[in-house]
Each structure stands twice: as structure tokens, then as C-alpha cells.
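Input: a single structure, listed below in C-alpha cells.
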Amino acid sequence: MIHPSAVQIVRAIEATLADVVEPAMVNIGARSALATIGHLLRHVALRVEDEGQLLADDIGALQDLLARLHDYLDAAGDGTQAAEISQALKRARLEKGRYPSLRMMADSAMILRQSVQDALAYLQQERATRGEDQAYLAARTSIRDYLAYQVRAEAALIHPAFEDKGPRR
């Protein structure tokens with residue numbers, strides 16, 4: 001591993017700003033901007049440490065959800081919608097044998113999330129005709145469950161960087 005790590009560098013910048021620069025600032029606007037920079041530096045440090053695993057977990061959850069949605073739509077006779085999910089899963093596939101960058105993983109996750117959004121929009125249009133069908137309701141519930149999971153996962157990158165650290169802009 002390269003020393004110091006990226007997280008150690010970010011934390012050293014944050015500490016220097018807090019210990020050296022902040023005491024010299026007299027302008028309230030500048031102090032506020034510096035506090036915001038501190039929040040963002042903590043957020044970057046969390047992302048460097050945790051974003052890769054969060055994206056890997058998210059991609060896995062999205063792949064599982066989309067596989068279930070594909071099976072439901074295919075069984076319900078919605079071959080076009082099922083084929084769109086298959087295509088999204090193929091486009092989002094990460095290259096085997098290559099270490100995926102965060103950008104590559106984020107791009108993959110965005111393709112999969114868009115597919116979930118498209119499937120949800122389609123299912124919402126079908127509410128009048130399928131509203132009481134148990135398989136339809138299960139598909140909608142699985143999407144809601146994923147969305148709740150995603151919000152909790154993203155909060156893990158945001159909450160610790162900002163909570164109880166003073167005001168932010």
C-alpha cells in the first residue's frame with residue numbers, strides 16, 4: 001500500500017485547515033466555507049474507504065432485483081420489458097479480469113438503477129390491470145425494498161461526515 005494512504009492525506013488536510021487556517025480566519029463567510037470544506041473532506045475520506053464495497057453490494061442487490069423482475073415480466077407475458085432488463089444486465093456487466101474503478105462500478109450501477117426505474121414506471125402503468133395480482137404486488141414490494149436499502153446504504157457515506165460536526169452551508 002502507498003503511504004500515506006489517500007484517507008490519511010485527506011484527514012491531514014482537514015486537520016491542517018481546522019488547526020492552522022480556521023483560527024486565523026475572522027470573516028464569518030470564510031469560516032463557514034471552511035466548515036463546509038471540512039464536511040466535504042470527511043465525506044471524501046468515507047467514500048475512499050467505503051464506496052467500492054457499497055457499490056459492489058448495490059450492484060449485487062440490483063442484479064438480484066432485476067433477475068426477479070425479469071422472471072416476473074417474462075412469466076406475465078411482457079417479453080419486451082424482460083428483454084430490456086436482460087440488455088441492461090449485459091451492458092452493466094463489469095469486465096472480467098480487470099479491477100473495476102469506482103467510475104466503472106458507478107456507471108454499472110447507474111445502468112442497473114435506470115433499468116429498475118424503467119421497470120417501475122412500466123409496472124405503475126399496469127396498476128389498473130394488475131393491481132391485485134400477488135406476483136405484481138411482490139414485484140412492486142421488491143422494488144420498494146431495494147429503494148429503502150439504497151437510501152440506508154447511501155446514508156452511510158453521508159451521515160458520519162456531517163452529523164454533529166457543526167453547521168454547513
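Each chain of the C-alpha cells is named A, B, ... in the order shown, its residues numbered from 1; ligands are numbered from 1 in display order.
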If we count only C-alpha atoms and set the cut-off at 9 Å, which residues sit around stretch 44-61 of chain A, ignoring sequence neighbours fewer than 3 positions away in its own chain? Please answer as a ChimeraX atom specification. /A:6-11,39-41,64-66,101-102,105-106,108-109,112-113,146,149-150,153-154,156-158,160-161
Writing out the chosen residues with N, CA, C and O atoms as a tab-separated table (two decimals), in the first residue's frame:
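Contents of result.tsv, as written:
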chain	number	residue	atom	x	y	z
A	6	ALA	N	-4.64	7.56	0.87
A	6	ALA	CA	-5.47	8.68	0.43
A	6	ALA	C	-6.31	9.22	1.59
A	6	ALA	O	-6.47	10.44	1.74
A	7	VAL	N	-6.83	8.33	2.41
A	7	VAL	CA	-7.63	8.76	3.56
A	7	VAL	C	-6.77	9.54	4.55
A	7	VAL	O	-7.20	10.57	5.09
A	8	GLN	N	-5.55	9.08	4.79
A	8	GLN	CA	-4.66	9.79	5.70
A	8	GLN	C	-4.34	11.18	5.15
A	8	GLN	O	-4.27	12.14	5.92
A	9	ILE	N	-4.16	11.31	3.86
A	9	ILE	CA	-3.89	12.62	3.26
A	9	ILE	C	-5.08	13.54	3.44
A	9	ILE	O	-4.93	14.70	3.86
A	10	VAL	N	-6.27	13.04	3.16
A	10	VAL	CA	-7.48	13.86	3.30
A	10	VAL	C	-7.65	14.29	4.75
A	10	VAL	O	-7.97	15.45	5.05
A	11	ARG	N	-7.43	13.38	5.69
A	11	ARG	CA	-7.58	13.73	7.12
A	11	ARG	C	-6.51	14.73	7.56
A	11	ARG	O	-6.78	15.60	8.40
A	39	HIS	N	-16.55	19.35	6.15
A	39	HIS	CA	-17.59	18.33	5.94
A	39	HIS	C	-17.31	17.53	4.68
A	39	HIS	O	-17.41	16.30	4.67
A	40	LEU	N	-16.98	18.23	3.62
A	40	LEU	CA	-16.74	17.56	2.34
A	40	LEU	C	-15.49	16.69	2.38
A	40	LEU	O	-15.47	15.61	1.78
A	41	LEU	N	-14.46	17.12	3.07
A	41	LEU	CA	-13.26	16.29	3.20
A	41	LEU	C	-13.57	15.00	3.96
A	41	LEU	O	-13.08	13.93	3.59
A	64	ASP	N	-29.81	-8.96	-8.47
A	64	ASP	CA	-30.81	-9.88	-7.91
A	64	ASP	C	-32.22	-9.37	-8.16
A	64	ASP	O	-33.11	-10.13	-8.58
A	65	LEU	N	-32.44	-8.08	-7.91
A	65	LEU	CA	-33.76	-7.49	-8.11
A	65	LEU	C	-34.16	-7.58	-9.58
A	65	LEU	O	-35.29	-7.99	-9.91
A	66	LEU	N	-33.25	-7.21	-10.46
A	66	LEU	CA	-33.58	-7.23	-11.89
A	66	LEU	C	-33.82	-8.65	-12.39
A	66	LEU	O	-34.68	-8.86	-13.27
A	101	SER	N	-12.65	0.25	-11.53
A	101	SER	CA	-12.51	1.53	-10.85
A	101	SER	C	-13.86	1.91	-10.25
A	101	SER	O	-14.90	1.34	-10.61
A	102	LEU	N	-13.85	2.87	-9.36
A	102	LEU	CA	-15.12	3.35	-8.80
A	102	LEU	C	-16.00	3.91	-9.91
A	102	LEU	O	-17.22	3.74	-9.88
A	105	MET	N	-17.66	1.01	-11.67
A	105	MET	CA	-18.71	0.43	-10.84
A	105	MET	C	-19.92	1.36	-10.76
A	105	MET	O	-21.07	0.91	-10.81
A	106	ALA	N	-19.67	2.67	-10.63
A	106	ALA	CA	-20.77	3.63	-10.57
A	106	ALA	C	-21.55	3.64	-11.88
A	106	ALA	O	-22.79	3.70	-11.87
A	108	SER	N	-21.86	1.13	-13.97
A	108	SER	CA	-22.62	-0.13	-13.98
A	108	SER	C	-23.87	0.00	-13.12
A	108	SER	O	-24.98	-0.37	-13.53
A	109	ALA	N	-23.70	0.53	-11.91
A	109	ALA	CA	-24.83	0.70	-11.01
A	109	ALA	C	-25.88	1.64	-11.61
A	109	ALA	O	-27.09	1.39	-11.47
A	112	LEU	N	-28.00	-0.20	-14.13
A	112	LEU	CA	-28.94	-1.09	-13.45
A	112	LEU	C	-30.05	-0.32	-12.76
A	112	LEU	O	-31.22	-0.72	-12.81
A	113	ARG	N	-29.70	0.80	-12.13
A	113	ARG	CA	-30.74	1.62	-11.47
A	113	ARG	C	-31.73	2.16	-12.49
A	113	ARG	O	-32.93	2.23	-12.21
A	146	TYR	N	-35.76	-2.50	-2.26
A	146	TYR	CA	-34.45	-2.09	-2.78
A	146	TYR	C	-34.23	-0.60	-2.56
A	146	TYR	O	-33.15	-0.18	-2.14
A	149	TYR	N	-33.31	0.11	0.94
A	149	TYR	CA	-31.93	-0.35	1.14
A	149	TYR	C	-30.94	0.67	0.59
A	149	TYR	O	-29.94	1.00	1.23
A	150	GLN	N	-31.20	1.18	-0.62
A	150	GLN	CA	-30.29	2.12	-1.25
A	150	GLN	C	-30.17	3.41	-0.43
A	150	GLN	O	-29.06	3.92	-0.26
A	153	ALA	N	-27.99	2.68	2.55
A	153	ALA	CA	-26.59	2.49	2.17
A	153	ALA	C	-25.92	3.82	1.86
A	153	ALA	O	-24.78	4.07	2.29
A	154	GLU	N	-26.60	4.69	1.15
A	154	GLU	CA	-26.01	5.99	0.81
A	154	GLU	C	-25.87	6.86	2.06
A	154	GLU	O	-24.94	7.66	2.16
A	156	ALA	N	-24.87	5.92	4.83
A	156	ALA	CA	-23.62	5.52	5.48
A	156	ALA	C	-22.43	6.33	4.97
A	156	ALA	O	-21.41	6.44	5.66
A	157	LEU	N	-22.55	6.91	3.78
A	157	LEU	CA	-21.49	7.77	3.24
A	157	LEU	C	-21.70	9.24	3.60
A	157	LEU	O	-20.78	10.04	3.45
A	158	ILE	N	-22.86	9.57	4.05
A	158	ILE	CA	-23.17	10.99	4.28
A	158	ILE	C	-23.26	11.31	5.76
A	158	ILE	O	-22.61	12.23	6.24
A	160	PRO	N	-22.11	10.12	8.72
A	160	PRO	CA	-20.94	10.28	9.59
A	160	PRO	C	-20.07	11.49	9.25
A	160	PRO	O	-19.38	12.02	10.12
A	161	ALA	N	-20.12	11.95	8.02
A	161	ALA	CA	-19.29	13.09	7.63
A	161	ALA	C	-19.88	14.42	8.07
A	161	ALA	O	-19.15	15.39	8.25
Can you tell me, as a list in words, what residues are no more than 9 Å from A:Leu89 when counting only C-alpha atoms, ignoring any on the same chain fewer than 4 positions away?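 After dropping sequence-adjacent residues, the list is Gln63, Leu66, Ala67, Glu84, Ile85, Arg93, Ser108, Ile111, Leu112 and Ser115 of chain A.
Using only C-alpha atoms, the protein and nucleic acid residues lying no more than 10 Å from A:Leu123, apart from those fewer than 2 places from it along its own chain, are Leu73, Gln81, Gln117, Asp118, Ala119, Leu120, Ala121, Gln125, Glu126, Arg127, Ala128, Arg130, Gly131, Tyr136, Leu137, Ala139 and Arg140 of chain A.
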Print the selection's residues with N, CA and C atoms to a file, as an mmCIF file, in the first residue's frame.
data_model
loop_
_atom_site.group_PDB
_atom_site.id
_atom_site.type_symbol
_atom_site.label_atom_id
_atom_site.label_comp_id
_atom_site.auth_asym_id
_atom_site.auth_seq_id
_atom_site.Cartn_x
_atom_site.Cartn_y
_atom_site.Cartn_z
ATOM 1 N N LEU A 73 -41.774 -10.447 -15.272
ATOM 2 C CA LEU A 73 -42.272 -9.864 -16.518
ATOM 3 C C LEU A 73 -42.341 -10.907 -17.624
ATOM 4 N N GLN A 81 -40.394 -5.964 -22.079
ATOM 5 C CA GLN A 81 -39.841 -5.409 -20.834
ATOM 6 C C GLN A 81 -38.761 -6.325 -20.263
ATOM 7 N N GLN A 117 -35.720 1.714 -12.605
ATOM 8 C CA GLN A 117 -36.638 2.846 -12.754
ATOM 9 C C GLN A 117 -37.583 2.626 -13.941
ATOM 10 N N ASP A 118 -37.050 2.139 -15.039
ATOM 11 C CA ASP A 118 -37.892 1.866 -16.216
ATOM 12 C C ASP A 118 -38.921 0.773 -15.902
ATOM 13 N N ALA A 119 -38.477 -0.284 -15.213
ATOM 14 C CA ALA A 119 -39.399 -1.357 -14.855
ATOM 15 C C ALA A 119 -40.484 -0.842 -13.914
ATOM 16 N N LEU A 120 -40.102 -0.007 -12.967
ATOM 17 C CA LEU A 120 -41.088 0.561 -12.043
ATOM 18 C C LEU A 120 -42.105 1.415 -12.801
ATOM 19 N N ALA A 121 -41.642 2.255 -13.714
ATOM 20 C CA ALA A 121 -42.561 3.091 -14.492
ATOM 21 C C ALA A 121 -43.536 2.214 -15.275
ATOM 22 N N GLN A 125 -47.739 1.794 -14.703
ATOM 23 C CA GLN A 125 -48.734 1.911 -15.771
ATOM 24 C C GLN A 125 -49.691 0.717 -15.778
ATOM 25 N N GLU A 126 -49.230 -0.392 -15.262
ATOM 26 C CA GLU A 126 -50.016 -1.627 -15.254
ATOM 27 C C GLU A 126 -50.881 -1.780 -13.999
ATOM 28 N N ARG A 127 -50.819 -0.820 -13.107
ATOM 29 C CA ARG A 127 -51.519 -0.931 -11.819
ATOM 30 C C ARG A 127 -53.013 -1.216 -11.985
ATOM 31 N N ALA A 128 -53.657 -0.548 -12.923
ATOM 32 C CA ALA A 128 -55.108 -0.718 -13.089
ATOM 33 C C ALA A 128 -55.471 -2.149 -13.483
ATOM 34 N N ARG A 130 -53.342 -4.935 -13.103
ATOM 35 C CA ARG A 130 -52.683 -5.976 -12.301
ATOM 36 C C ARG A 130 -52.705 -5.697 -10.799
ATOM 37 N N GLY A 131 -53.359 -4.660 -10.406
ATOM 38 C CA GLY A 131 -53.276 -4.170 -9.039
ATOM 39 C C GLY A 131 -53.443 -5.161 -7.918
ATOM 40 N N TYR A 136 -47.551 -9.364 -9.091
ATOM 41 C CA TYR A 136 -47.367 -7.936 -9.378
ATOM 42 C C TYR A 136 -47.042 -7.187 -8.093
ATOM 43 N N LEU A 137 -47.815 -7.436 -7.052
ATOM 44 C CA LEU A 137 -47.579 -6.758 -5.770
ATOM 45 C C LEU A 137 -46.209 -7.124 -5.200
ATOM 46 N N ALA A 139 -43.549 -7.911 -6.964
ATOM 47 C CA ALA A 139 -42.552 -7.193 -7.766
ATOM 48 C C ALA A 139 -42.441 -5.750 -7.299
ATOM 49 N N ARG A 140 -43.563 -5.099 -7.069
ATOM 50 C CA ARG A 140 -43.554 -3.711 -6.595
ATOM 51 C C ARG A 140 -42.919 -3.616 -5.207
#
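Considering only C-alpha atoms, the residue among A:Ile37, A:Leu94, A:Ala135, A:Ala148 positioned nearest to A:Ala76 is A:Ala135.
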